[in-house]
Every structure is written in structure tokens, then in C-alpha cells.
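Participant: Questions regarding the structure given below will be posed in turn.
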Amino acid sequence: MEYNFSHHKPENTSDYIALYFTKFLRFLADTFFAKRYGHRAVVLETVAAVPGMVAGMLNHLKSLRRMEEDRGWIKTLLDEAENERMHLMTFIHIAKPTALERFLVILVQGIFFNLYFIMYLISPRTCHRIVGYFEEQAVVSYTEYLEEVEQGRVENVKAPEIAINYWNLSSDARLIDVIKVVREDEAGHRDVNHNFVDDLDKKTSHQNKTVEVKEKEVNITAQKK
Ligand SMILES: [Fe+2]
Ligand SMILES: [Fe+2]
């Protein structure tokens with residue numbers, strides 16, 4: 001089955017930073033987890049649930065400070081964080097993290113939360129592109145995981161109760177069904193975050209045009225005098 005692996009081609013420095021940052025983390029994850037997809041899901045979902053919360057919080061504060069509408073961003077971002085946390089709550093029933101992995105989760109959270117927070121203050125655009133690229137990779141990883149289960153290399157266990165309730169799956173749903181709905185969520189986050197970047201770019205180009213128009217007006221007035 002062909003799945004929608006859409007990829008945003010990098011167009012500027014911010015995109016390239018986001019892409020190479022993602023590639024670097026993907027390399028680390030591949031080295032550490034190899035084909036242990038259940039464990040990979042548990043550990044990486046603890047990271048995936050961070051950006052939405054940080055970006056949601058920062059946009060919330062910005063909306064308060066500027067007394068401006070958020071155009072629905074805050075809720076979307078907080079929903080993303082909650083959805084990612086539910087992925088974690090699901091996969092924790094499928095793979096039990098080792099002591100090392102639990103330690104890693106704590107360490108990575110300490111680093112990643114602060115790093116993402118500071119990066120978001122500097123460039124929200126790059127941060128949303130990063131999540132867009134993270135999610136592209138999540139789609140790839142869940143597709144690989146799905147193949148492992150479909151080929152019988154990973155047991156197609158019964159879906160955890162929490163997943164059946166959260167996604168309204170049938171009562172006899174299996175791991176394959178869970179991976180498919182999770183992958184669908186990841187593809188959704190991918191598109192939403194790449195769209196956020198488009199939105200920010202539109203806003204910037206609109207601001208630049210307004211500045212240009214104002215500068216022209218100033219020049220014309222100056223010439224008239
Ligand atoms: Fe996820
Ligand atoms: Fe995700």
C-alpha cells in the first residue's frame with residue numbers, strides 16, 4: 001500500500017537548519033533503537049509531545065501580551081501535544097522501557113524542552129518546520145514498524161484498551177490498526193506544522209510590503225516638499 005509520504009523541499013536557511021537538525025536526531029535514534037520500534041515509539045513520543053505544549057504556551061503568552069487573536073493556533077498546538085501524549089500512553093502498553101531508556105527520557109526532556117523553548121523565542125518559523133520534518137520522519141518510522149508487524153517479525157498483539165477508546169477502534173483491534181491511526185495523526189501534524197510556516201511567511205511578506213508602501217509614501221512626500 002502506498003502511503004502519502006509528502007516531503008517539504010527546503011527553500012531557505014531556516015528550512016535547511018530544520019532539515020539537518022531532524023536528520024541528525026534521526027541518525028541518533030536509528031543508531032540507538034535500530035529495529036526496536038516499540039521502544040523507539042515510547043521514547044520518541046515523550047519528545048514529540050513537547051513542541052506543541054511549548055509553542056502553545058508561547059503563543060498563549062504572546063496573545064495576552066499583544067492582546068491579539070491567535071487564529072486558532074493555541075488550541076491546535078495544545079491538541080497536538082495531547083495527541084502525542086496519547087501515543088505515549090498507548091505504546092507504553094506495547095513496549096516496556098528499559099531503565100536506560102527511562103533515564104534517557106528524563107535527560108532528553110531536560111535538554112529538549114529548554115532548547116525548543118529558546119529556539120521558539122528566536123525563530124518560531126524554524127521550530128514549526130522542525131516539527132514538520134520530525135513528523136515526516138515519524139510517518140516513515142511508523143510505516144517501517146507497520147511492515148515489521150505485517151511481515152510477522154513483530155507480534156500483532158491486541159490493541160491496548162486505551163487506544164481502542166481514544167480512536168474508537170473496534171473491540172478486536174490489533175497493533176496494526178493502532179499503528180495506522182497513529183501514523184495518520186503524525187501525517188496530520190506534519191501538514192499542520194508546514195502550513196504554520198506558510199502562514200508565518202505570508203505574514204512576514206505582508207509586513208514587508210506594508211513597510212515598502214510606507215517608505216514609498218514617505219519618499220513621495222519628501223520629494224513634494
Ligand atoms: Fe506521535
Ligand atoms: Fe508526531
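By order in the C-alpha cells, chains are A, B, ...; within a chain, residues start at 1; ligands start at 1, following the order shown.
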Show me which residues are within 9 Å of ligand 1 counting only C-alpha atoms and all ligand atoms, and format the list as a list of chain:residue names.
Facilitator: A:Ala41, A:Leu44, A:Glu45, A:Thr46, A:Val47, A:Ala48, A:Ala49, A:Glu80, A:Ala81, A:Asn83, A:Glu84, A:Arg85, A:Met86, A:His87, A:Leu88, A:Glu135, A:Ala138, A:Val182, A:Arg183, A:Asp185, A:Glu186, A:His189
Participant: Check stretch 3-219 of chain A with DSSP on the backbone and list each residue it calls alpha helix (DSSP H), as a PyMOL selection string.
Facilitator: chain A and resi 13-33+37-66+73-91+99-122+124-150+161-167+175-219
Participant: Of the residues A:Tyr120, A:Tyr145, A:Tyr37, A:Tyr166, which is the one nearest to A:Met57, using only C-alpha atoms?
Facilitator: A:Tyr120
Participant: Using only C-alpha atoms and all ligand atoms, which of A:Asp79, A:Asp177, A:Glu136, A:Asp198 sits nearest ligand 2?
Facilitator: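 Looking at the shortest contact to ligand 2, the residue is A:Glu136.
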Participant: Determine, counting only C-alpha atoms, which protein, DNA and RNA residues have an atom within 10 Å of an atom of A:Ala29; residues of the same chain fewer than 5 positions away are not included. Present the result as a PyMOL selection string.
Facilitator: chain A and resi 23-24+34+40+43-44
